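Since the structure comes first, as structure tokens, the remarks are kept for the end.
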Amino acid sequence: MTRADLGARIGLSKAAMSGLTRELLDKGLLRETSTVQRQGRPSTLLDLRPEGAYFIGVSMMSDPALIALVDLKGGIVASIEVPRSIDPDAFAQTVADSLPSLTRTGGVASERVAGMGVSLSGLVDQEQANCIKSTLLGWQDVPLAKLIRTRTNLPTFIENDAKALAVREKLFGEARDMHAFTLIWLGDGIGAAHFVHDRLYRGAHGGAGEIAHCTVDVDGLPCRCGKIGCLDTVASMIAILDQARADGIEAETLRDVEAVAASGSSSAIRLLHRAGSALGLAIAQIIQINDPQMVVVTHREEAFDGLFATVMQQAIEANVLPRLSGDTPIRMRRVADDAWAVGAASVATQSFLNGII
Ligand SMILES: [Zn+2]
């Protein structure tokens, strides 16, 4: 953006903007990119300078875990895989031990690293410091941020997987200019994150908008959370593949189930229908309640354009108020393996840009 556009956006005079941008240019956080013609006069565009600051992003979403050195614009400079120990102290030590080689590979002086983020599957507290509960890691009240910080001296934040992806979407993705959007993560479990008024909305206990544990079938299967018939028991990838196996369908991925359905198997069609309509219904409720500008459904599947996604879309359209129907774009996005590491780094980047670190 130009200085004039930025000033108009945040309500500052031209003189104030000029001083402010000068300071940020001097600090190396901004750079001037190209010149555009505005009202007949040349105007310079400003952008963040990728080398202005660096962040460490740790993803505990896979084993081995991925640690990435990420620049101020979300670009990966270097990355390394390490064993994902579920012993919090051991993992914190592994992360700390891997930093010197990571910065060396990336050619970045360690003092240029401003902070660290860690993404994991589970519930994280308001301060992004403690993992309240993670079924996957078997954790309860683990102060992971502190364990890492004491070993690295880096401001460290932990974040739930879907929320980290949403922060990345907000800082570097399509949601950059949006005030309100929802991100759904459809994997072994179902994650959800909601930006409301430009901020991640957590609710009073950190569990706001966790659609995975919305009850969709009161007579359904027991859920790992202890309830019955949660969305997770019907529409998560684990649920879909478990149901497929129970129906005698040989399937390891959604693509396999879709192929069996496409060949006319009524049980495969029924199970994809049930899963797609349950997820679509849950997303429709979110649209009714929050009225986001966009819903992004992120996943790792190769085949996300078959019956499951079609039924999901139809269920969304059929279950939001006709006046709102079609007003909320639904984006399907397949994310790469490194998405959570970049997401984790962007949680630290956000704190840096907000002046918290
Ligand atoms: Zn549940």
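To be explicit about the labels: the chains of the structure tokens are called A, B, and onward in the order shown, and within each one the residues are counted from 1, while ligands get numbers from 1 in the order they are shown.
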
Nearby polymer residues, ligand 1, at most 12 Å, only C-alpha atoms and all ligand atoms, as a PyMOL selection string: chain A and resi 135+189-191+210-218+220-236+239

Filtered DSSP result for segment 107-288 of chain A, state strand (DSSP E), as a ChimeraX atom specification: /A:113-120,123-124,131-134,139-142,156-160,181-186,190-196,199-200

Using the selection just defined, write its residues with N, CA and C atoms as an mmCIF file, in the first residue's frame.
data_model
loop_
_atom_site.group_PDB
_atom_site.id
_atom_site.type_symbol
_atom_site.label_atom_id
_atom_site.label_comp_id
_atom_site.auth_asym_id
_atom_site.auth_seq_id
_atom_site.Cartn_x
_atom_site.Cartn_y
_atom_site.Cartn_z
ATOM 1 N N VAL A 113 16.135 -13.705 15.329
ATOM 2 C CA VAL A 113 14.910 -14.468 15.573
ATOM 3 C C VAL A 113 14.142 -13.807 16.716
ATOM 4 N N ALA A 114 12.900 -13.378 16.418
ATOM 5 C CA ALA A 114 12.162 -12.574 17.398
ATOM 6 C C ALA A 114 11.236 -13.389 18.293
ATOM 7 N N GLY A 115 10.865 -14.577 17.857
ATOM 8 C CA GLY A 115 9.944 -15.345 18.684
ATOM 9 C C GLY A 115 9.671 -16.708 18.094
ATOM 10 N N MET A 116 8.924 -17.496 18.873
ATOM 11 C CA MET A 116 8.623 -18.855 18.438
ATOM 12 C C MET A 116 7.163 -19.197 18.678
ATOM 13 N N GLY A 117 6.616 -20.017 17.772
ATOM 14 C CA GLY A 117 5.258 -20.534 17.957
ATOM 15 C C GLY A 117 5.289 -22.047 17.826
ATOM 16 N N VAL A 118 4.368 -22.705 18.534
ATOM 17 C CA VAL A 118 4.246 -24.162 18.450
ATOM 18 C C VAL A 118 2.782 -24.490 18.194
ATOM 19 N N SER A 119 2.510 -25.275 17.152
ATOM 20 C CA SER A 119 1.120 -25.682 16.916
ATOM 21 C C SER A 119 0.958 -27.145 17.298
ATOM 22 N N LEU A 120 -0.164 -27.430 17.932
ATOM 23 C CA LEU A 120 -0.430 -28.805 18.357
ATOM 24 C C LEU A 120 -1.924 -29.070 18.369
ATOM 25 N N LEU A 123 -6.350 -28.287 23.263
ATOM 26 C CA LEU A 123 -6.910 -27.035 23.761
ATOM 27 C C LEU A 123 -5.791 -26.216 24.402
ATOM 28 N N VAL A 124 -5.722 -24.925 24.045
ATOM 29 C CA VAL A 124 -4.653 -24.062 24.521
ATOM 30 C C VAL A 124 -5.271 -22.889 25.288
ATOM 31 N N CYS A 131 -0.823 -25.931 27.376
ATOM 32 C CA CYS A 131 -1.729 -26.857 26.705
ATOM 33 C C CYS A 131 -2.651 -27.405 27.784
ATOM 34 N N ILE A 132 -3.926 -27.030 27.715
ATOM 35 C CA ILE A 132 -4.887 -27.447 28.738
ATOM 36 C C ILE A 132 -5.152 -28.947 28.612
ATOM 37 N N LYS A 133 -5.339 -29.381 27.361
ATOM 38 C CA LYS A 133 -5.551 -30.813 27.145
ATOM 39 C C LYS A 133 -5.246 -31.183 25.698
ATOM 40 N N SER A 134 -4.517 -32.254 25.522
ATOM 41 C CA SER A 134 -4.301 -32.789 24.177
ATOM 42 C C SER A 134 -4.459 -34.296 24.230
ATOM 43 N N TRP A 139 -1.585 -35.059 26.940
ATOM 44 C CA TRP A 139 -1.180 -33.978 27.837
ATOM 45 C C TRP A 139 -2.369 -33.366 28.565
ATOM 46 N N GLN A 140 -2.093 -32.931 29.762
ATOM 47 C CA GLN A 140 -3.053 -32.147 30.523
ATOM 48 C C GLN A 140 -2.274 -31.088 31.291
ATOM 49 N N ASP A 141 -2.639 -29.831 31.103
ATOM 50 C CA ASP A 141 -1.971 -28.705 31.769
ATOM 51 C C ASP A 141 -0.444 -28.759 31.636
ATOM 52 N N VAL A 142 0.024 -28.705 30.419
ATOM 53 C CA VAL A 142 1.466 -28.712 30.162
ATOM 54 C C VAL A 142 1.914 -27.290 29.785
ATOM 55 N N THR A 156 7.794 -17.357 23.463
ATOM 56 C CA THR A 156 7.204 -18.546 22.837
ATOM 57 C C THR A 156 5.707 -18.623 23.100
ATOM 58 N N PHE A 157 4.977 -18.975 22.063
ATOM 59 C CA PHE A 157 3.521 -19.088 22.152
ATOM 60 C C PHE A 157 3.108 -20.435 21.595
ATOM 61 N N ILE A 158 2.150 -21.082 22.243
ATOM 62 C CA ILE A 158 1.642 -22.312 21.655
ATOM 63 C C ILE A 158 0.221 -22.044 21.159
ATOM 64 N N GLU A 159 -0.203 -22.818 20.190
ATOM 65 C CA GLU A 159 -1.535 -22.590 19.641
ATOM 66 C C GLU A 159 -2.113 -23.890 19.097
ATOM 67 N N ASN A 160 -3.423 -23.973 19.178
ATOM 68 C CA ASN A 160 -4.167 -25.097 18.631
ATOM 69 C C ASN A 160 -3.972 -25.163 17.100
ATOM 70 N N PHE A 181 -13.810 -14.370 9.660
ATOM 71 C CA PHE A 181 -13.841 -15.574 8.820
ATOM 72 C C PHE A 181 -13.689 -16.801 9.702
ATOM 73 N N THR A 182 -14.056 -17.933 9.125
ATOM 74 C CA THR A 182 -13.967 -19.201 9.852
ATOM 75 C C THR A 182 -13.061 -20.142 9.090
ATOM 76 N N LEU A 183 -12.227 -20.855 9.821
ATOM 77 C CA LEU A 183 -11.399 -21.882 9.197
ATOM 78 C C LEU A 183 -11.750 -23.225 9.819
ATOM 79 N N ILE A 184 -11.996 -24.191 8.974
ATOM 80 C CA ILE A 184 -12.266 -25.553 9.430
ATOM 81 C C ILE A 184 -11.079 -26.412 9.017
ATOM 82 N N TRP A 185 -10.601 -27.234 9.925
ATOM 83 C CA TRP A 185 -9.550 -28.189 9.578
ATOM 84 C C TRP A 185 -10.163 -29.572 9.639
ATOM 85 N N LEU A 186 -10.174 -30.240 8.489
ATOM 86 C CA LEU A 186 -10.756 -31.564 8.418
ATOM 87 C C LEU A 186 -9.632 -32.575 8.263
ATOM 88 N N ILE A 190 -11.696 -32.876 13.686
ATOM 89 C CA ILE A 190 -12.172 -31.671 12.998
ATOM 90 C C ILE A 190 -11.857 -30.468 13.882
ATOM 91 N N GLY A 191 -11.077 -29.538 13.352
ATOM 92 C CA GLY A 191 -10.754 -28.334 14.107
ATOM 93 C C GLY A 191 -11.508 -27.156 13.532
ATOM 94 N N ALA A 192 -11.630 -26.100 14.320
ATOM 95 C CA ALA A 192 -12.304 -24.896 13.831
ATOM 96 C C ALA A 192 -11.720 -23.681 14.525
ATOM 97 N N ALA A 193 -11.619 -22.595 13.780
ATOM 98 C CA ALA A 193 -11.130 -21.343 14.353
ATOM 99 C C ALA A 193 -11.909 -20.202 13.733
ATOM 100 N N HIS A 194 -12.140 -19.181 14.541
ATOM 101 C CA HIS A 194 -12.987 -18.086 14.081
ATOM 102 C C HIS A 194 -12.341 -16.748 14.368
ATOM 103 N N PHE A 195 -12.173 -15.951 13.338
ATOM 104 C CA PHE A 195 -11.768 -14.567 13.536
ATOM 105 C C PHE A 195 -13.029 -13.720 13.576
ATOM 106 N N VAL A 196 -13.142 -12.915 14.618
ATOM 107 C CA VAL A 196 -14.279 -12.018 14.772
ATOM 108 C C VAL A 196 -13.693 -10.645 15.093
ATOM 109 N N ARG A 199 -9.937 -10.468 15.350
ATOM 110 C CA ARG A 199 -9.237 -11.217 16.394
ATOM 111 C C ARG A 199 -9.732 -12.650 16.457
ATOM 112 N N LEU A 200 -8.819 -13.521 16.855
ATOM 113 C CA LEU A 200 -9.172 -14.905 17.073
ATOM 114 C C LEU A 200 -10.130 -14.969 18.254
#

Which residues of segment 127-170 of chain A have any atom within 10 Å of an atom in segment 60-71 of chain A when counting only C-alpha atoms, and what is the closest pair of atoms for each, with the distance in Å to one decimal? Order the rows by chain and rising number and write it as a tab-separated table.
residue	atom	partner	partner_atom	distance
A:Leu136	CA	A:Met61	CA	9.2
A:Leu137	CA	A:Met60	CA	9.0
A:Asn160	CA	A:Met61	CA	9.9
A:Asp161	CA	A:Met61	CA	7.5

From segment 275-341 of chain A, collect each residue whose DSSP state is alpha helix (DSSP H) and return the set as a compact mmCIF listing (two decimals) with all heavy atoms, in the first residue's frame.
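As a result, out.txt now contains:
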# COMPACT_ATOMS: atom_id res chain seq x y z
N ALA A 275 -21.70 -38.13 6.30
CA ALA A 275 -20.58 -37.31 6.77
C ALA A 275 -20.66 -35.90 6.17
O ALA A 275 -20.53 -34.89 6.89
CB ALA A 275 -19.26 -37.96 6.38
N GLY A 276 -20.90 -35.83 4.87
CA GLY A 276 -20.95 -34.52 4.19
C GLY A 276 -22.08 -33.67 4.69
O GLY A 276 -21.93 -32.45 4.91
N SER A 277 -23.25 -34.28 4.91
CA SER A 277 -24.37 -33.45 5.34
C SER A 277 -24.19 -33.02 6.80
O SER A 277 -24.56 -31.90 7.16
CB SER A 277 -25.72 -34.14 5.12
OG SER A 277 -25.70 -35.42 5.64
N ALA A 278 -23.57 -33.88 7.63
CA ALA A 278 -23.34 -33.47 9.03
C ALA A 278 -22.35 -32.31 9.10
O ALA A 278 -22.57 -31.32 9.82
CB ALA A 278 -22.80 -34.66 9.84
N LEU A 279 -21.27 -32.39 8.33
CA LEU A 279 -20.29 -31.29 8.34
C LEU A 279 -20.90 -30.02 7.76
O LEU A 279 -20.73 -28.93 8.31
CB LEU A 279 -19.04 -31.70 7.55
CG LEU A 279 -17.92 -30.66 7.49
CD1 LEU A 279 -17.44 -30.29 8.90
CD2 LEU A 279 -16.74 -31.16 6.66
N GLY A 280 -21.65 -30.18 6.67
CA GLY A 280 -22.31 -29.02 6.05
C GLY A 280 -23.28 -28.35 7.00
O GLY A 280 -23.35 -27.12 7.09
N LEU A 281 -24.02 -29.19 7.74
CA LEU A 281 -24.98 -28.64 8.70
C LEU A 281 -24.27 -27.85 9.79
O LEU A 281 -24.68 -26.75 10.17
CB LEU A 281 -25.80 -29.79 9.31
CG LEU A 281 -26.94 -29.42 10.25
CD1 LEU A 281 -27.93 -28.50 9.57
CD2 LEU A 281 -27.66 -30.69 10.72
N ALA A 282 -23.15 -28.40 10.29
CA ALA A 282 -22.39 -27.71 11.34
C ALA A 282 -21.84 -26.38 10.81
O ALA A 282 -21.86 -25.36 11.51
CB ALA A 282 -21.26 -28.60 11.84
N ILE A 283 -21.36 -26.37 9.57
CA ILE A 283 -20.84 -25.12 8.99
C ILE A 283 -21.99 -24.13 8.79
O ILE A 283 -21.82 -22.92 9.02
CB ILE A 283 -20.09 -25.42 7.66
CG1 ILE A 283 -18.81 -26.23 7.96
CG2 ILE A 283 -19.74 -24.13 6.93
CD1 ILE A 283 -18.05 -26.69 6.73
N ALA A 284 -23.14 -24.64 8.39
CA ALA A 284 -24.30 -23.75 8.23
C ALA A 284 -24.65 -23.07 9.55
O ALA A 284 -25.00 -21.88 9.58
CB ALA A 284 -25.50 -24.55 7.70
N GLN A 285 -24.56 -23.83 10.66
CA GLN A 285 -24.86 -23.24 11.97
C GLN A 285 -23.86 -22.13 12.30
O GLN A 285 -24.22 -21.08 12.83
CB GLN A 285 -24.78 -24.28 13.10
CG GLN A 285 -25.41 -25.61 12.83
CD GLN A 285 -26.93 -25.60 12.92
OE1 GLN A 285 -27.55 -24.60 12.63
NE2 GLN A 285 -27.50 -26.72 13.30
N ILE A 286 -22.59 -22.38 11.98
CA ILE A 286 -21.55 -21.37 12.21
C ILE A 286 -21.87 -20.10 11.40
O ILE A 286 -21.73 -18.99 11.89
CB ILE A 286 -20.16 -21.93 11.82
CG1 ILE A 286 -19.69 -22.94 12.84
CG2 ILE A 286 -19.13 -20.82 11.65
CD1 ILE A 286 -19.30 -22.37 14.19
N ILE A 287 -22.28 -20.30 10.16
CA ILE A 287 -22.61 -19.14 9.32
C ILE A 287 -23.79 -18.38 9.92
O ILE A 287 -23.78 -17.15 10.00
CB ILE A 287 -22.92 -19.59 7.87
CG1 ILE A 287 -21.64 -20.14 7.22
CG2 ILE A 287 -23.48 -18.43 7.04
CD1 ILE A 287 -21.84 -20.76 5.85
N GLN A 288 -24.79 -19.13 10.39
CA GLN A 288 -25.95 -18.47 11.03
C GLN A 288 -25.54 -17.69 12.27
O GLN A 288 -26.02 -16.59 12.51
CB GLN A 288 -26.99 -19.52 11.44
CG GLN A 288 -27.81 -20.07 10.33
CD GLN A 288 -28.65 -19.01 9.64
OE1 GLN A 288 -28.79 -19.03 8.44
NE2 GLN A 288 -29.19 -18.06 10.38
N ILE A 289 -24.64 -18.26 13.05
CA ILE A 289 -24.30 -17.65 14.34
C ILE A 289 -23.31 -16.50 14.17
O ILE A 289 -23.49 -15.43 14.75
CB ILE A 289 -23.72 -18.73 15.30
CG1 ILE A 289 -24.83 -19.72 15.67
CG2 ILE A 289 -23.17 -18.09 16.57
CD1 ILE A 289 -24.34 -20.99 16.33
N ASN A 290 -22.27 -16.70 13.34
CA ASN A 290 -21.20 -15.70 13.24
C ASN A 290 -21.25 -14.82 12.00
O ASN A 290 -20.62 -13.77 11.98
CB ASN A 290 -19.83 -16.40 13.25
CG ASN A 290 -19.39 -16.80 14.64
OD1 ASN A 290 -20.05 -16.47 15.62
ND2 ASN A 290 -18.30 -17.52 14.73
N LEU A 307 -18.24 -36.70 -3.89
CA LEU A 307 -19.56 -36.70 -3.27
C LEU A 307 -19.56 -36.01 -1.90
O LEU A 307 -20.45 -35.22 -1.59
CB LEU A 307 -20.03 -38.16 -3.13
CG LEU A 307 -21.45 -38.36 -2.60
CD1 LEU A 307 -22.47 -37.73 -3.52
CD2 LEU A 307 -21.74 -39.85 -2.42
N PHE A 308 -18.54 -36.32 -1.09
CA PHE A 308 -18.47 -35.76 0.26
C PHE A 308 -18.56 -34.23 0.23
O PHE A 308 -19.38 -33.63 0.91
CB PHE A 308 -17.16 -36.21 0.92
CG PHE A 308 -16.92 -35.65 2.28
CD1 PHE A 308 -17.66 -36.09 3.36
CD2 PHE A 308 -15.94 -34.69 2.49
CE1 PHE A 308 -17.44 -35.58 4.63
CE2 PHE A 308 -15.72 -34.17 3.75
CZ PHE A 308 -16.46 -34.61 4.82
N ALA A 309 -17.69 -33.60 -0.59
CA ALA A 309 -17.66 -32.14 -0.64
C ALA A 309 -18.94 -31.57 -1.28
O ALA A 309 -19.44 -30.52 -0.86
CB ALA A 309 -16.43 -31.66 -1.41
N THR A 310 -19.47 -32.29 -2.27
CA THR A 310 -20.69 -31.82 -2.93
C THR A 310 -21.86 -31.80 -1.94
O THR A 310 -22.60 -30.82 -1.85
CB THR A 310 -21.03 -32.74 -4.13
OG1 THR A 310 -19.89 -32.81 -4.97
CG2 THR A 310 -22.21 -32.22 -4.91
N VAL A 311 -22.00 -32.92 -1.20
CA VAL A 311 -23.09 -33.00 -0.22
C VAL A 311 -22.90 -31.94 0.87
O VAL A 311 -23.85 -31.29 1.31
CB VAL A 311 -23.17 -34.42 0.39
CG1 VAL A 311 -24.15 -34.47 1.54
CG2 VAL A 311 -23.56 -35.43 -0.68
N MET A 312 -21.63 -31.74 1.27
CA MET A 312 -21.34 -30.72 2.29
C MET A 312 -21.81 -29.34 1.81
O MET A 312 -22.50 -28.62 2.54
CB MET A 312 -19.83 -30.71 2.57
CG MET A 312 -19.41 -29.74 3.65
SD MET A 312 -17.62 -29.53 3.66
CE MET A 312 -17.42 -28.32 2.36
N GLN A 313 -21.45 -28.99 0.58
CA GLN A 313 -21.84 -27.69 0.00
C GLN A 313 -23.37 -27.57 -0.04
O GLN A 313 -23.92 -26.53 0.30
CB GLN A 313 -21.32 -27.57 -1.44
CG GLN A 313 -19.82 -27.50 -1.54
CD GLN A 313 -19.34 -26.07 -1.69
OE1 GLN A 313 -20.01 -25.14 -1.27
NE2 GLN A 313 -18.18 -25.88 -2.28
N GLN A 314 -24.02 -28.65 -0.47
CA GLN A 314 -25.48 -28.61 -0.57
C GLN A 314 -26.12 -28.44 0.80
O GLN A 314 -27.09 -27.70 0.95
CB GLN A 314 -26.01 -29.90 -1.23
CG GLN A 314 -25.72 -29.95 -2.72
CD GLN A 314 -25.96 -31.34 -3.32
OE1 GLN A 314 -26.11 -32.32 -2.59
NE2 GLN A 314 -25.98 -31.40 -4.65
N ALA A 315 -25.53 -29.11 1.80
CA ALA A 315 -26.08 -29.01 3.15
C ALA A 315 -25.90 -27.59 3.70
O ALA A 315 -26.75 -27.08 4.42
CB ALA A 315 -25.42 -30.03 4.07
N ILE A 316 -24.78 -26.96 3.36
CA ILE A 316 -24.58 -25.58 3.80
C ILE A 316 -25.65 -24.69 3.17
O ILE A 316 -26.35 -23.94 3.85
CB ILE A 316 -23.16 -25.08 3.41
CG1 ILE A 316 -22.08 -25.87 4.14
CG2 ILE A 316 -23.02 -23.58 3.72
CD1 ILE A 316 -20.65 -25.60 3.65
N GLU A 317 -25.78 -24.80 1.85
CA GLU A 317 -26.75 -23.95 1.14
C GLU A 317 -28.17 -24.17 1.63
O GLU A 317 -28.94 -23.23 1.77
CB GLU A 317 -26.69 -24.24 -0.37
CG GLU A 317 -25.59 -23.46 -1.06
CD GLU A 317 -25.33 -23.99 -2.47
OE1 GLU A 317 -26.31 -24.34 -3.14
OE2 GLU A 317 -24.15 -24.05 -2.85
N ALA A 318 -28.50 -25.44 1.93
CA ALA A 318 -29.88 -25.75 2.32
C ALA A 318 -30.19 -25.31 3.75
O ALA A 318 -31.36 -25.16 4.10
CB ALA A 318 -30.13 -27.25 2.19
N ASN A 319 -29.15 -25.07 4.56
CA ASN A 319 -29.41 -24.84 5.98
C ASN A 319 -29.05 -23.46 6.50
O ASN A 319 -29.11 -23.22 7.70
CB ASN A 319 -28.72 -25.91 6.82
CG ASN A 319 -29.37 -27.27 6.66
OD1 ASN A 319 -30.50 -27.47 7.10
ND2 ASN A 319 -28.71 -28.17 5.97
N ALA A 339 2.31 -26.50 6.57
CA ALA A 339 1.35 -25.44 6.89
C ALA A 339 1.30 -25.12 8.39
O ALA A 339 1.21 -23.95 8.79
CB ALA A 339 -0.05 -25.83 6.41
N TRP A 340 1.41 -26.15 9.24
CA TRP A 340 1.30 -25.91 10.69
C TRP A 340 2.56 -25.27 11.26
O TRP A 340 2.50 -24.56 12.24
CB TRP A 340 0.97 -27.20 11.45
CG TRP A 340 -0.40 -27.66 11.16
CD1 TRP A 340 -1.56 -27.24 11.78
CD2 TRP A 340 -0.80 -28.58 10.16
NE1 TRP A 340 -2.63 -27.86 11.22
CE2 TRP A 340 -2.20 -28.69 10.22
CE3 TRP A 340 -0.12 -29.33 9.21
CZ2 TRP A 340 -2.94 -29.51 9.37
CZ3 TRP A 340 -0.84 -30.15 8.37
CH2 TRP A 340 -2.23 -30.24 8.46
N ALA A 341 3.69 -25.55 10.63
CA ALA A 341 4.92 -24.90 11.09
C ALA A 341 4.85 -23.41 10.76
O ALA A 341 5.18 -22.56 11.60
CB ALA A 341 6.14 -25.55 10.44

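Atom CA of Met17 of chain A is found 25.6 Å from atom CA of Ser346 of chain A.
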
Nearest residue to Arg3 of chain A from the set A:Ala78, A:Leu46, A:Ala251, A:Leu29 (distances using only C-alpha atoms):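 Comparing A:Ala78, A:Leu46, A:Ala251, A:Leu29 against Arg3 of chain A, the winner is A:Leu46.
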
Neighbour list for Ala96 of chain A as number ranges by chain, cut-off 9 Å, only C-alpha atoms, skip fewer than 3 positions in-chain: A: 91-93, 99-100, 148-149, 151-152

Serialized selection, N, CA, C and O atoms, as a PDB file, in the first residue's frame:
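File written: result.pdb
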ATOM      1  N   PHE A  91      10.927 -32.751  24.723  1.00  0.00           N
ATOM      2  CA  PHE A  91      10.634 -32.090  23.449  1.00  0.00           C
ATOM      3  C   PHE A  91      11.151 -30.646  23.455  1.00  0.00           C
ATOM      4  O   PHE A  91      11.727 -30.181  22.470  1.00  0.00           O
ATOM      5  N   ALA A  92      10.944 -29.960  24.588  1.00  0.00           N
ATOM      6  CA  ALA A  92      11.441 -28.574  24.693  1.00  0.00           C
ATOM      7  C   ALA A  92      12.955 -28.543  24.485  1.00  0.00           C
ATOM      8  O   ALA A  92      13.496 -27.655  23.815  1.00  0.00           O
ATOM      9  N   GLN A  93      13.651 -29.545  25.045  1.00  0.00           N
ATOM     10  CA  GLN A  93      15.104 -29.612  24.892  1.00  0.00           C
ATOM     11  C   GLN A  93      15.496 -29.887  23.430  1.00  0.00           C
ATOM     12  O   GLN A  93      16.428 -29.277  22.901  1.00  0.00           O
ATOM     13  N   LEU A  99      17.896 -25.362  17.263  1.00  0.00           N
ATOM     14  CA  LEU A  99      17.903 -23.978  16.761  1.00  0.00           C
ATOM     15  C   LEU A  99      19.233 -23.550  16.124  1.00  0.00           C
ATOM     16  O   LEU A  99      19.218 -22.928  15.053  1.00  0.00           O
ATOM     17  N   PRO A 100      20.388 -23.859  16.736  1.00  0.00           N
ATOM     18  CA  PRO A 100      21.632 -23.391  16.116  1.00  0.00           C
ATOM     19  C   PRO A 100      21.812 -23.880  14.676  1.00  0.00           C
ATOM     20  O   PRO A 100      22.161 -23.096  13.785  1.00  0.00           O
ATOM     21  N   ILE A 148       9.996 -24.215  26.852  1.00  0.00           N
ATOM     22  CA  ILE A 148      10.861 -23.869  25.711  1.00  0.00           C
ATOM     23  C   ILE A 148      11.569 -22.542  25.971  1.00  0.00           C
ATOM     24  O   ILE A 148      12.758 -22.386  25.711  1.00  0.00           O
ATOM     25  N   ARG A 149      10.816 -21.607  26.521  1.00  0.00           N
ATOM     26  CA  ARG A 149      11.381 -20.272  26.731  1.00  0.00           C
ATOM     27  C   ARG A 149      12.584 -20.292  27.692  1.00  0.00           C
ATOM     28  O   ARG A 149      13.576 -19.598  27.479  1.00  0.00           O
ATOM     29  N   ARG A 151      14.666 -22.501  27.975  1.00  0.00           N
ATOM     30  CA  ARG A 151      15.833 -23.098  27.310  1.00  0.00           C
ATOM     31  C   ARG A 151      16.351 -22.275  26.132  1.00  0.00           C
ATOM     32  O   ARG A 151      17.470 -22.480  25.686  1.00  0.00           O
ATOM     33  N   THR A 152      15.489 -21.389  25.593  1.00  0.00           N
ATOM     34  CA  THR A 152      15.895 -20.674  24.374  1.00  0.00           C
ATOM     35  C   THR A 152      15.942 -19.162  24.561  1.00  0.00           C
ATOM     36  O   THR A 152      16.475 -18.464  23.692  1.00  0.00           O
TER      37      THR A 152
END

Near-Gly206 of chain A list (9 Å; only C-alpha atoms; drop same-chain fewer than 2 positions) as a list of chain:residue names: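 Listed by chain and then number, they are A:Leu123, A:Val124, A:Asp125, A:Gln126, A:Tyr201, A:Arg202, A:Gly203, A:Ala204, A:Ala208.
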
Residue selection dump (all heavy atoms) as a short mmCIF file (atom, residue, chain, number, x, y, z; two decimals), in the first residue's frame:
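As a result, result14.cif now contains:
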data_model
loop_
_atom_site.label_atom_id
_atom_site.label_comp_id
_atom_site.auth_asym_id
_atom_site.auth_seq_id
_atom_site.Cartn_x
_atom_site.Cartn_y
_atom_site.Cartn_z
N LEU A 123 -6.35 -28.29 23.26
CA LEU A 123 -6.91 -27.04 23.76
C LEU A 123 -5.79 -26.22 24.40
O LEU A 123 -5.00 -26.75 25.18
CB LEU A 123 -7.98 -27.38 24.81
CG LEU A 123 -9.07 -26.37 25.10
CD1 LEU A 123 -9.85 -26.03 23.84
CD2 LEU A 123 -10.04 -26.95 26.15
N VAL A 124 -5.72 -24.93 24.04
CA VAL A 124 -4.65 -24.06 24.52
C VAL A 124 -5.27 -22.89 25.29
O VAL A 124 -6.35 -22.42 24.93
CB VAL A 124 -3.82 -23.56 23.31
CG1 VAL A 124 -2.89 -22.44 23.71
CG2 VAL A 124 -3.05 -24.70 22.69
N ASP A 125 -4.60 -22.43 26.32
CA ASP A 125 -5.18 -21.36 27.14
C ASP A 125 -5.09 -19.99 26.46
O ASP A 125 -4.43 -19.83 25.44
CB ASP A 125 -4.54 -21.33 28.54
CG ASP A 125 -3.11 -20.80 28.50
OD1 ASP A 125 -2.52 -20.68 27.42
OD2 ASP A 125 -2.57 -20.50 29.59
N GLN A 126 -5.77 -19.03 27.07
CA GLN A 126 -5.87 -17.66 26.55
C GLN A 126 -4.50 -17.02 26.31
O GLN A 126 -4.31 -16.27 25.37
CB GLN A 126 -6.64 -16.84 27.59
CG GLN A 126 -7.10 -15.49 27.12
CD GLN A 126 -8.46 -15.57 26.46
OE1 GLN A 126 -9.25 -16.46 26.75
NE2 GLN A 126 -8.74 -14.67 25.54
N TYR A 201 -11.28 -15.58 18.04
CA TYR A 201 -12.26 -15.65 19.12
C TYR A 201 -12.13 -16.98 19.86
O TYR A 201 -12.25 -18.04 19.27
CB TYR A 201 -13.67 -15.48 18.57
CG TYR A 201 -14.70 -15.50 19.66
CD1 TYR A 201 -14.72 -14.49 20.61
CD2 TYR A 201 -15.62 -16.54 19.78
CE1 TYR A 201 -15.63 -14.52 21.66
CE2 TYR A 201 -16.53 -16.56 20.81
CZ TYR A 201 -16.53 -15.55 21.74
OH TYR A 201 -17.43 -15.58 22.78
N ARG A 202 -11.85 -16.90 21.16
CA ARG A 202 -11.64 -18.11 21.96
C ARG A 202 -12.80 -18.46 22.87
O ARG A 202 -12.93 -19.60 23.30
CB ARG A 202 -10.41 -17.93 22.87
CG ARG A 202 -9.14 -17.82 22.15
CD ARG A 202 -7.99 -17.47 23.08
NE ARG A 202 -6.82 -17.31 22.26
CZ ARG A 202 -6.12 -18.32 21.77
NH1 ARG A 202 -6.44 -19.55 22.08
NH2 ARG A 202 -5.10 -18.11 20.99
N GLY A 203 -13.61 -17.48 23.21
CA GLY A 203 -14.64 -17.72 24.20
C GLY A 203 -14.07 -17.67 25.59
O GLY A 203 -12.88 -17.36 25.78
N ALA A 204 -14.87 -18.01 26.58
CA ALA A 204 -14.46 -17.86 27.97
C ALA A 204 -13.46 -18.92 28.41
O ALA A 204 -12.65 -18.69 29.30
CB ALA A 204 -15.68 -17.90 28.88
N ALA A 208 -14.35 -21.95 22.08
CA ALA A 208 -15.42 -21.36 21.25
C ALA A 208 -15.41 -21.94 19.84
O ALA A 208 -14.37 -22.06 19.21
CB ALA A 208 -15.25 -19.85 21.18
#

Which of A:Arg334, A:Arg255, A:His197, A:His205 sits closest to Asp291 of chain A [using only C-alpha atoms]: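 Between A:Arg334, A:Arg255, A:His197, A:His205, the residue approaching Asp291 of chain A most closely is A:His197.
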